[in-house]
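Engineer: Shown below is the structure under consideration.
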Protein chains: 4
Amino acid sequence: MASNTTGEAFRVTTFGLSHGRALGATIDGCPAGLELSEEDIQIELNKRRPGTSNITTPRNESDKVEILSGVYDGKTDGTPLTAIIRNKDQRSKNYDNLENNPRPGHGDYCWYKKYGNYDYHGGGRGSGRITIGHVIGGAISKKLLEQYNITTTAHVTAIHNIKMEKKLPLETIKENITKNNVRCANLDTAKHMEEEILKAKSEGNSVGGQVEIIIDNLPVGLGQPVFDRIDGDLAKALMNIGAVKAVEVGLGVESSLLTGSQMNDQYTIKDDKIITTTNNSGGILGGMTNGMPVILRITVKPTPSVSNPQQTVNLESRTPRQITIEGRHDPCICPRITTVAEAACNMVIADHMIRSGFINPDKLE
Amino acid sequence: MASNTTGEAFRVTTFGLSHGRALGATIDGCPAGLELSEEDIQIELNKRRPGTSNITTPRNESDKVEILSGVYDGKTDGTPLTAIIRNKDQRSKNYDNLENNPRPGHGDYCWYKKYGNYDYHGGGRGSGRITIGHVIGGAISKKLLEQYNITTTAHVTAIHNIKMEKKLPLETIKENITKNNVRCANLDTAKHMEEEILKAKSEGNSVGGQVEIIIDNLPVGLGQPVFDRIDGDLAKALMNIGAVKAVEVGLGVESSLLTGSQMNDQYTIKDDKIITTTNNSGGILGGMTNGMPVILRITVKPTPSVSNPQQTVNLESRTPRQITIEGRHDPCICPRITTVAEAACNMVIADHMIRSGFINPDKLE
Amino acid sequence: MASNTTGEAFRVTTFGLSHGRALGATIDGCPAGLELSEEDIQIELNKRRPGTSNITTPRNESDKVEILSGVYDGKTDGTPLTAIIRNKDQRSKNYDNLENNPRPGHGDYCWYKKYGNYDYHGGGRGSGRITIGHVIGGAISKKLLEQYNITTTAHVTAIHNIKMEKKLPLETIKENITKNNVRCANLDTAKHMEEEILKAKSEGNSVGGQVEIIIDNLPVGLGQPVFDRIDGDLAKALMNIGAVKAVEVGLGVESSLLTGSQMNDQYTIKDDKIITTTNNSGGILGGMTNGMPVILRITVKPTPSVSNPQQTVNLESRTPRQITIEGRHDPCICPRITTVAEAACNMVIADHMIRSGFINPDKLE
Amino acid sequence: MASNTTGEAFRVTTFGLSHGRALGATIDGCPAGLELSEEDIQIELNKRRPGTSNITTPRNESDKVEILSGVYDGKTDGTPLTAIIRNKDQRSKNYDNLENNPRPGHGDYCWYKKYGNYDYHGGGRGSGRITIGHVIGGAISKKLLEQYNITTTAHVTAIHNIKMEKKLPLETIKENITKNNVRCANLDTAKHMEEEILKAKSEGNSVGGQVEIIIDNLPVGLGQPVFDRIDGDLAKALMNIGAVKAVEVGLGVESSLLTGSQMNDQYTIKDDKIITTTNNSGGILGGMTNGMPVILRITVKPTPSVSNPQQTVNLESRTPRQITIEGRHDPCICPRITTVAEAACNMVIADHMIRSGFINPDKLE
C-alpha cells in the first residue's frame, strides 16, 4: 500500500523521480471556478529552483511547468488538474560509484531493501527534486486560500548556530525574506547565515537550521478530532519533507519549561473578536485552530551529501566500503525548504477548509 | 468529514466522551489467529488509569474493559474487535461555572465554534479520558507486534526543568520505569521529578515535560514514500495526543547544530547485519526504517487545568469573565502519557507492518 | 486490509457476529445538532427483526438498542455515535454437524480459506444478523436526510415467479407496504407472494425475489465523477448485502432493448424546475443525480439454508460429505431485506450529501 | 470531496477531458520489479480506440501513450507510474449549439448544476474518452495479474434484441472475440449484431447491449467483508462506467426464479481441489471468491448521442429548446466497452490481491 497521495478532500498525488522523463502532481478536489494559470505555479517553482544563488546547488534546471488538464478558459473546471515538469534527464557519471554502495544519511539502503532497487543516480523518490510535486500542489492550494485571505509564510530562523532571536511583525517578515538568499527576516542575521553556509560549502560540508511557518487568518475550528487534528496533520506534512527531524507547535520544546499558569493563553475580546492575549499554543487548542496565527517550527538536518570520505557497506559483497560523494549539492537546504514547507502547510489547510465546510467542495461560490 | 479513525490496514476507530455511558474502540484489520484476552487490554489500561498514585488526579475509575466482538475461543477471528469501558458518568457540579466560559489552554472555544456545543462537564473528545480508545487499540497492536519481537518503550526524560541526562540501555529503561510513579528510567532523577510535580500540585499549578519513545527490532523498509513516511505517520500520531507540542526524531532539534559530517550515521556490518555506528537519525532515513531502533521524543505542555483565576470571555454575553477551575486534575500528565504514546506508536507500526507486507492482513501464519 | 467501514464523510463501521456478545455500529461524521433517540433506531431494527410473522425465521431476538456515545441531551454532539445490541448468544447444537463441512451457497468455505476459521454456529460476518449494523447506520442517516425531505422506500416487486406488474404512486407504496408482511405495495399480489413463501417453507425450500428502491427529493449533482459516481456507490452498497446478485438502475437490464431515441429522457420545465418527461435513467446521468427520483432494483437469491440433503466436502478429510442444515431459517429474505436496502442507500446518500456540500460536515445549520 | 482515484492498495488516479491537452492516469501501488513497456499499455488502448471499424465513431485519434515516470530499465520501480496521451484538441464547431442546452441522456445538466460549468465541446469527464485513464490502469493491472495466471475476458453477449444464447468454453471466447468487430464469441451471432448496429447507425439512432466478463484463476478468499466485498467492488467499478445500467453476478436477475435447492452450488473435490459442480453464484459467496471463475454481466444502454431532434431546456432562458446533436458518435458502445470493463475488473482484482496478501505490496518476489 504505497502512498503518494495526501489529503482527503483536496487530494494531491505526486509522481516522478530525480532522473526520469518528468515529475508532476495531480490535484483532485480543487473546486471549479478558481482562476489559475501556469504562471501561478511557476512563481512558486522558481522559489525552490536550484542554481539561483551561490548558496544552492549549481545544477540548473529550467523547471518549466505545463498544465495538462483541469483548467478551462483560465479557471479550474472541477476535474483533476495535472501539471508536469520535464527533466533534462542527465544521468551523471558522478553517481556510478554509488551503485550498491548506499550513502550514509540518505534513504538508499532502506529503499533497496524495500523495493529491491534504488536509483543511485539521484536518490529517486528520496531526492529533494520530488518536492516539485509538493510545490505544484502547494501553489494551487495557495491560490485557493488567497480567496479567503489565508497566507502561509515560512522563514529561516536558524542556520547552524546562527539564530534569529527577535520576533518581527508578519508584514516585515514577508517583505524581508524576499531581500536575501537565505530567506531570513532579519537582514543582518541573514548575512551571518549566508557566511556560515558558504563556509560549510568551502569545506565540502553542510549545515542545517530551523524554519518557522506562520499561517494567518484561519477560521476557528479547523481540524478534526481525534485522529486528524490540525496539529497532527501539519506535523505529518512537515515531517514528511526530507531532512526534517523535528516539528514544534507554538512554544514547542520550550513548553515543558513553563508552568500551566504561564503557558495558558488567556482569552480577551478585541474589535468584537475573541482572541488570546498571548499565543504560546501557536494558534491550536484541542487539535483545532483557535483563530490566532498558527505558528510552527521545523528543524532541518544538514544535507547528507558531503564530500569527505564516508563509511558504507557494499550491498553485494556485504563488506565495508569507503565512498566519496561527488556531484553538485546544496550546502544547506533551509532556504529552499521554505517553499516546500509553505506548500506542505497550504495543502493541509486547503484540505481542512473543505473538510470542515468552509470551502464548498465542488465550486467556488 | 470527521475522523475518529486512524490507520489504513490496521484501523482503529474510537468513540466516547469523558462523561457519557461508555468509551471504547473498534479495531478493524487485526489478522485472525492472534491470542487475545481482556486481561491483555486491562494491563495497558491500568497503566494509564488515574488515581493510582499521589501525582495523578484522584478521580478513581475502575476502567474495566469488556470485549464485545472479534475474539472467538481466545483468538481474534478476523472480524472487527470492539472493546468498551463504562463511565460512572458523574456529571460533577464542579464544572457548572464553565458553561459558556471556555477554559484557557483547552479546546472548549474551538469545539464550541465548530460543533455549536461543548461538553463543559469534562472536555468531551478533548478530555484526556478519550485516550482510553487509543490504549485499547495500542494494547492489541502491541500484542500483534510481540509476535515479531517488536517492542515500544516510552519513558519520561524531563519534568519541568529536571532532566534525565545520561542514556541508559533499553533493558534498564524497561525495568526501571516500572519502579517509580513518574516512569523515569533514572531512579534518582525520578525522585526529583516527583518532588517537582508535588510542588506544582501544592501550588494548584501544573508542569510539563518530555517523553522519549524507543521502538525496537523493526525490519528495514517500513514506511511509505512520499506522504505516508514512517516519521510522518509517527509524528502525526504523537502530535494528535492532547498536550503534545513537539515531536522530534533522533537528534531532533539538535540536528541543526551539527554539520553533515557529524550528523551522518556511517554504515558497518556486525553479525552479518548492516547497521550504523551511530543513530543520530533515530532509525529513520528517507522516511523509512533502517533497522536501527526508532527514537522519538515528545514535549508535553503543562496541564491547562490550574486552580488560579484565569481570564476568559463569556460566549453568550461576549464580555470578559474570570474563572476558577475546580475539580480534580493531574498536576503533570507526562507519566500517564507514556502509555498513550506507546499505544499511538504501536498502532502506526502495526499498520505499516501490514501495509508493507511484513504481516499478512487476513491471518497469522 | 479489512473493511468494515463504509463512507468517506459519513462513516459507518460495523462489528459483531451472529453469536458473539454484541453487534453494533459506530457512526463517525454525523453533524452535531441532529435530534436522535434510541427509539429512532429501534423502529428500523424492529422492521428487520425476525420472528414477527409466519414468513420469517422463528428465532426471536428482542434486539434492544443501546446508544453508548455521541448523543447529548437528545442531540448528536459531533462525536462518534456507537450503538449496540446484545446477542442472547445461544450457540445452538443445531450447527455442530457443520464444523468443517461448509454449507453450499454460504461463504463458509471462503471464510475458512481466508481466515483459517469459520463460525459454523451461525455464519459469522456472513450471517444476515450482521445487517443490524447496517440498520443502525441507516436509521441515523435516515433521520439526517429527513431534515432535507429526502426519503428512501424499498418494496418487494417479485417473489419467485410472482411479479408486481403495475407501477404505483410513491405515496401508495409507502402506505401499502406497512399493511402486509411481504412489504409488497400491491395488496393482492402480496397475498400471492405470501402463499409462495409459505409453500417454499412447507417444502423445506426457499425462494428469492426482487426489491425496488426509490429515493426521493434529491438535489441535482449528487455523485462524484469518475470513481465515486452515485450509481457506482449505490450499486456497491446494495451488492454488498448478502444474497443480492444483481443491481439495476432505472430500466436496468431492459435498457439494452431500447434504442437511444427511446431511452433518452427529454427535458422540460415544470413549476420553474427542470425535469425530464420520463425517468428511464432512474434519476442518474453521468454518475450524478438529475433531480428525478432515483430508482434502483435488486435481485435477491433464494436463501441458501434449505433442509434437503446437500453435497459438500469435509475440510479436514477432504472427502465428500452429505449434510442437512437444521435450525430455523427464513424461507425468503426479501421482506426483511427491504429495511437493509433502505439503510444501505441512506448511508450512501448521507455520505454524498456531505461530500458535495449540501450538508455541513460539522453541525446542522 | 472529488474522487478520481480508485483502489486502496493499487490506486489509480485518472485525469483529463475529451478536449484538453492530455488525458492520463497515475498508478500508485504497483509493486517494483514488474516488466512493463509502453507497448503493453498501447495494445489495450488500441482495443478501445475509435475509428478502427465501420461500427465505431469515425473520430480518429492516434492515442499514443507516453510513460512519464515509474518505470526504470524496463521494470516498475515502486514509484508512481504516470502515463499520458495527448489530445489533438479539436474543439469542434459541431458542439456550439449545445452551449447551455444540455443533451438528453448525458450528464451535461447535472455537471452544470454541480460545477457551474460544463464542457459542451465533448462531455468533459462524462465523455467516453476519459476511459483512456481506466484502460491505462487496466493494462498495468492486467500485466501484474498475468504473473499469477489471472485473466479477465469481456465479450458481447447481446446487442439490442440479438442475443448470444449458447455458453462457449473460455478459450473459444478468448479466440473468437478477436475475429470480429463486435467482440462476440459466436461468429454467426456477431454478424447479426453488426447488422443491427449498422441499421441503427443508418437511422441516426443507437443501440445498447450486454457484456459478460469472466475472471479466471482467482484464489479463494479474495474480497473483504463487510463493505469491500469483491462483488460490491466489482459492481461499483462496472457501474461507474458510463452507460452501464445493470450489473449482475452469476445468474444475476435469473436467481430470483430458482429455489434455494436449485440455486445452491454443491461442493465436490476434483484433482485434489475443492470446487462446485455448478457456478450459479458466479464464483462469489459471502462477498469472497470461492475459486470458481467469477462471472459478471453488465447491461449497456444505447448511446445517448442520436441525431434526431430532442427536447431540452435552455439553462439561461429556462425555456424549452429543441436540439440536434451533430458530430461523430458510436452507434453502439458495447464492443469498445469490453476493454474498459476488463480494465475496471483488473484494477479491482489487482487491488484485492494486494489487500489480501496474495501479492506483496512493495516488490514482486
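Here, A, B, ... name the chains of the C-alpha cells in the order displayed, residue numbers run from 1 inside each chain, and ligands are numbered from 1 in the same displayed order.
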What lies within 12 Å of segment 160-176 of chain A using only C-alpha atoms, ignoring chain neighbours under 4 positions off, as a count of residues only?
Structural biologist: 60
Engineer: From a DSSP pass on the backbone, collect the residues of segment 125-343 of chain B flagged as alpha helix (DSSP H) and hand them back as a count of residues only.
Structural biologist: 63
Engineer: Compute the chain D side of the contact with chain B at 8 Å, counting only C-alpha atoms, and hand it back as a PDB file with N, CA and C atoms, in the first residue's frame.
Structural biologist:
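As a result, result-v6.pdb now contains:
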ATOM      1  N   ARG D 355      -4.390  -6.334  -1.230  1.00  0.00           N
ATOM      2  CA  ARG D 355      -5.045  -6.144   0.069  1.00  0.00           C
ATOM      3  C   ARG D 355      -5.151  -7.430   0.869  1.00  0.00           C
ATOM      4  N   SER D 356      -5.287  -8.544   0.169  1.00  0.00           N
ATOM      5  CA  SER D 356      -5.435  -9.816   0.880  1.00  0.00           C
ATOM      6  C   SER D 356      -4.116 -10.554   1.043  1.00  0.00           C
ATOM      7  N   GLY D 357      -3.020  -9.903   0.673  1.00  0.00           N
ATOM      8  CA  GLY D 357      -1.715 -10.503   0.920  1.00  0.00           C
ATOM      9  C   GLY D 357      -1.275 -11.515  -0.121  1.00  0.00           C
ATOM     10  N   ASN D 360       2.741  -9.162  -2.812  1.00  0.00           N
ATOM     11  CA  ASN D 360       3.474  -8.256  -1.920  1.00  0.00           C
ATOM     12  C   ASN D 360       3.313  -6.813  -2.409  1.00  0.00           C
ATOM     13  N   PRO D 361       2.981  -5.891  -1.505  1.00  0.00           N
ATOM     14  CA  PRO D 361       2.698  -4.513  -1.931  1.00  0.00           C
ATOM     15  C   PRO D 361       3.915  -3.754  -2.437  1.00  0.00           C
ATOM     16  N   ASP D 362       5.098  -4.155  -2.047  1.00  0.00           N
ATOM     17  CA  ASP D 362       6.283  -3.355  -2.367  1.00  0.00           C
ATOM     18  C   ASP D 362       7.063  -3.877  -3.570  1.00  0.00           C
TER      19      ASP D 362
END
Engineer: If we count only C-alpha atoms, what is near Ser317 of chain C at a cut-off of 12 Å, once residues fewer than 3 positions away on the same chain are taken out, given as a list in words?
Structural biologist: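 That gives Asn100, Asn101, Thr312, Val313, Asn314, Pro320 and Arg321 of chain C; Ile269, Asp272 and Ile274 of chain D.
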Engineer: Can you write just those residues out, N, CA, C and O atoms, as an mmCIF file, in the first residue's frame?
Structural biologist:
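As a result, result_26.cif now contains:
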data_model
loop_
_atom_site.group_PDB
_atom_site.id
_atom_site.type_symbol
_atom_site.label_atom_id
_atom_site.label_comp_id
_atom_site.auth_asym_id
_atom_site.auth_seq_id
_atom_site.Cartn_x
_atom_site.Cartn_y
_atom_site.Cartn_z
ATOM 1 N N ASN C 100 -16.355 -27.922 9.891
ATOM 2 C CA ASN C 100 -15.524 -28.451 8.799
ATOM 3 C C ASN C 100 -16.304 -28.898 7.562
ATOM 4 O O ASN C 100 -15.712 -29.394 6.609
ATOM 5 N N ASN C 101 -17.620 -28.755 7.602
ATOM 6 C CA ASN C 101 -18.431 -29.118 6.433
ATOM 7 C C ASN C 101 -19.126 -27.871 5.892
ATOM 8 O O ASN C 101 -20.255 -27.569 6.271
ATOM 9 N N THR C 312 -21.271 -31.565 0.165
ATOM 10 C CA THR C 312 -20.153 -30.688 0.475
ATOM 11 C C THR C 312 -18.881 -31.522 0.568
ATOM 12 O O THR C 312 -18.895 -32.719 0.267
ATOM 13 N N VAL C 313 -17.783 -30.878 0.963
ATOM 14 C CA VAL C 313 -16.517 -31.580 1.124
ATOM 15 C C VAL C 313 -15.992 -31.269 2.517
ATOM 16 O O VAL C 313 -15.945 -30.099 2.913
ATOM 17 N N ASN C 314 -15.645 -32.299 3.262
ATOM 18 C CA ASN C 314 -15.099 -32.069 4.597
ATOM 19 C C ASN C 314 -13.699 -31.477 4.486
ATOM 20 O O ASN C 314 -12.848 -31.986 3.762
ATOM 21 N N PRO C 320 -15.876 -36.114 0.145
ATOM 22 C CA PRO C 320 -17.262 -35.666 0.006
ATOM 23 C C PRO C 320 -18.069 -36.001 1.258
ATOM 24 O O PRO C 320 -17.791 -36.986 1.940
ATOM 25 N N ARG C 321 -19.039 -35.208 1.527
ATOM 26 C CA ARG C 321 -19.874 -35.389 2.700
ATOM 27 C C ARG C 321 -21.269 -34.863 2.373
ATOM 28 O O ARG C 321 -21.398 -33.867 1.669
ATOM 29 N N ILE D 269 -14.868 -32.537 -4.941
ATOM 30 C CA ILE D 269 -13.417 -32.433 -4.974
ATOM 31 C C ILE D 269 -12.917 -33.001 -6.295
ATOM 32 O O ILE D 269 -13.416 -34.027 -6.762
ATOM 33 N N ASP D 272 -7.821 -32.980 -6.346
ATOM 34 C CA ASP D 272 -7.449 -32.512 -5.009
ATOM 35 C C ASP D 272 -7.807 -31.043 -4.759
ATOM 36 O O ASP D 272 -7.283 -30.404 -3.845
ATOM 37 N N ILE D 274 -11.012 -28.303 -4.110
ATOM 38 C CA ILE D 274 -12.440 -28.193 -3.805
ATOM 39 C C ILE D 274 -13.084 -27.250 -4.808
ATOM 40 O O ILE D 274 -12.660 -26.101 -4.959
#
Engineer: Give me every strand (DSSP E or B) residue in segment 162-287 of chain B, going by DSSP on the backbone, as an MDAnalysis selection string.
Structural biologist: chainID B and resid 162:163 207 209:216 224 226 228 244:249 259 267:270 273:276 284:285
Engineer: Which residue, D:Asn240, D:Lys114, D:Ile177, D:Pro104, has the smallest gap to Pro219 of chain C when you use only C-alpha atoms?
Structural biologist: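 Smallest distance to Pro219 of chain C is found for D:Lys114.
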Engineer: What does the distance between atom CA of Thr6 of chain B and atom CA of Val12 of chain A come to in Å, to one decimal place?
Structural biologist: 19.6 Å
Engineer: Can you pull out the residues contacting Asp330 of chain B? Cut-off 9 Å, using only C-alpha atoms, and skip same-chain residues under 3 positions away; I want them as number ranges by chain.
Structural biologist: B: 50, 55-58, 201, 206, 303, 305, 333
Engineer: Okay, now the selection with all heavy atoms, as an mmCIF file, in the first residue's frame?
Structural biologist:
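Everything below was put into result_28.cif:
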data_model
loop_
_atom_site.group_PDB
_atom_site.id
_atom_site.type_symbol
_atom_site.label_atom_id
_atom_site.label_comp_id
_atom_site.auth_asym_id
_atom_site.auth_seq_id
_atom_site.Cartn_x
_atom_site.Cartn_y
_atom_site.Cartn_z
ATOM 1 N N PRO B 50 -6.214 6.733 36.149
ATOM 2 C CA PRO B 50 -5.924 7.757 37.156
ATOM 3 C C PRO B 50 -6.091 7.182 38.554
ATOM 4 O O PRO B 50 -6.552 6.058 38.729
ATOM 5 C CB PRO B 50 -6.991 8.806 36.887
ATOM 6 C CG PRO B 50 -8.148 8.041 36.326
ATOM 7 C CD PRO B 50 -7.550 6.890 35.566
ATOM 8 N N ILE B 55 0.598 11.521 42.413
ATOM 9 C CA ILE B 55 0.922 12.533 41.396
ATOM 10 C C ILE B 55 -0.072 12.536 40.232
ATOM 11 O O ILE B 55 0.131 13.200 39.233
ATOM 12 C CB ILE B 55 2.364 12.379 40.854
ATOM 13 C CG1 ILE B 55 2.582 11.005 40.226
ATOM 14 C CG2 ILE B 55 3.396 12.670 41.940
ATOM 15 C CD1 ILE B 55 3.885 10.903 39.440
ATOM 16 N N THR B 56 -1.144 11.765 40.339
ATOM 17 C CA THR B 56 -2.183 11.828 39.299
ATOM 18 C C THR B 56 -3.472 12.327 39.912
ATOM 19 O O THR B 56 -3.579 12.463 41.131
ATOM 20 C CB THR B 56 -2.433 10.452 38.657
ATOM 21 O OG1 THR B 56 -2.975 9.586 39.645
ATOM 22 C CG2 THR B 56 -1.158 9.863 38.079
ATOM 23 N N THR B 57 -4.464 12.590 39.059
ATOM 24 C CA THR B 57 -5.760 13.031 39.553
ATOM 25 C C THR B 57 -6.356 11.973 40.474
ATOM 26 O O THR B 57 -6.260 10.782 40.193
ATOM 27 C CB THR B 57 -6.730 13.300 38.386
ATOM 28 O OG1 THR B 57 -8.038 13.464 38.913
ATOM 29 C CG2 THR B 57 -6.754 12.157 37.389
ATOM 30 N N PRO B 58 -6.985 12.402 41.567
ATOM 31 C CA PRO B 58 -7.576 11.419 42.484
ATOM 32 C C PRO B 58 -8.863 10.772 41.940
ATOM 33 O O PRO B 58 -9.367 9.839 42.543
ATOM 34 C CB PRO B 58 -7.864 12.240 43.740
ATOM 35 C CG PRO B 58 -7.902 13.655 43.291
ATOM 36 C CD PRO B 58 -7.034 13.768 42.087
ATOM 37 N N LYS B 201 1.642 20.691 42.286
ATOM 38 C CA LYS B 201 0.327 20.301 42.790
ATOM 39 C C LYS B 201 -0.040 21.131 44.021
ATOM 40 O O LYS B 201 -1.166 21.632 44.137
ATOM 41 C CB LYS B 201 0.357 18.821 43.147
ATOM 42 C CG LYS B 201 -0.990 18.241 43.577
ATOM 43 C CD LYS B 201 -0.821 16.777 44.029
ATOM 44 C CE LYS B 201 -2.136 16.199 44.546
ATOM 45 N NZ LYS B 201 -1.929 14.838 45.095
ATOM 46 N N SER B 206 0.659 23.403 37.463
ATOM 47 C CA SER B 206 0.972 22.169 36.745
ATOM 48 C C SER B 206 2.298 22.323 36.026
ATOM 49 O O SER B 206 2.759 23.444 35.803
ATOM 50 C CB SER B 206 -0.127 21.850 35.732
ATOM 51 O OG SER B 206 -0.156 22.837 34.719
ATOM 52 N N THR B 303 -0.320 20.693 32.087
ATOM 53 C CA THR B 303 -1.783 20.544 32.035
ATOM 54 C C THR B 303 -2.456 21.906 32.162
ATOM 55 O O THR B 303 -2.099 22.682 33.059
ATOM 56 C CB THR B 303 -2.259 19.678 33.219
ATOM 57 O OG1 THR B 303 -1.248 18.719 33.531
ATOM 58 C CG2 THR B 303 -3.547 18.972 32.893
ATOM 59 N N SER B 305 -5.388 22.688 33.205
ATOM 60 C CA SER B 305 -6.288 22.858 34.350
ATOM 61 C C SER B 305 -5.492 23.243 35.590
ATOM 62 O O SER B 305 -4.924 22.394 36.267
ATOM 63 C CB SER B 305 -7.065 21.565 34.602
ATOM 64 O OG SER B 305 -7.952 21.326 33.539
ATOM 65 N N ILE B 333 0.885 15.477 33.325
ATOM 66 C CA ILE B 333 0.309 14.368 32.567
ATOM 67 C C ILE B 333 1.373 13.420 32.025
ATOM 68 O O ILE B 333 1.058 12.340 31.512
ATOM 69 C CB ILE B 333 -0.570 14.956 31.427
ATOM 70 C CG1 ILE B 333 -1.625 13.949 30.979
ATOM 71 C CG2 ILE B 333 0.264 15.448 30.268
ATOM 72 C CD1 ILE B 333 -2.731 13.741 31.971
#
Engineer: Can you tell me how far atom CA of Gly24 of chain A sits from atom CA of Glu35 of chain D, in Å to one decimal?
Structural biologist: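 Here the two named atoms are 23.0 Å from each other.
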Engineer: If you count only C-alpha atoms, which residues fall within 7 Å of Pro309 of chain A, apart from same-chain ones fewer than 2 positions away, as a count of residues only?
Structural biologist: 4
Engineer: With a distance cut-off of 6 Å and only C-alpha atoms, select the neighbouring residues of Gly138 of chain D, excluding the residue or stretch itself and same-chain residues fewer than 3 positions from it, and output the selection as a CSV table (one decimal) with C-alpha atoms, in the first residue's frame.
Structural biologist:
chain,number,residue,atom,x,y,z
D,134,HIS,CA,-9.2,3.3,-17.0
D,135,VAL,CA,-7.5,1.4,-19.8
D,141,SER,CA,-3.0,-4.4,-13.5
D,142,LYS,CA,-3.5,-6.9,-16.3
D,343,ALA,CA,-9.7,-2.8,-17.2
D,346,ASN,CA,-8.5,-5.9,-13.4
D,347,MET,CA,-7.9,-2.8,-11.3
Engineer: Within 12 Å of Tyr115 of chain C, counting only C-alpha atoms, which residues qualify if same-chain residues fewer than 2 places away don't, as an MDAnalysis selection string?
Structural biologist: (chainID B and resid 29:34 75:79 360:365) or (chainID C and resid 2 107:113 117:119 124:125) or (chainID D and resid 220:225 288 356:357)
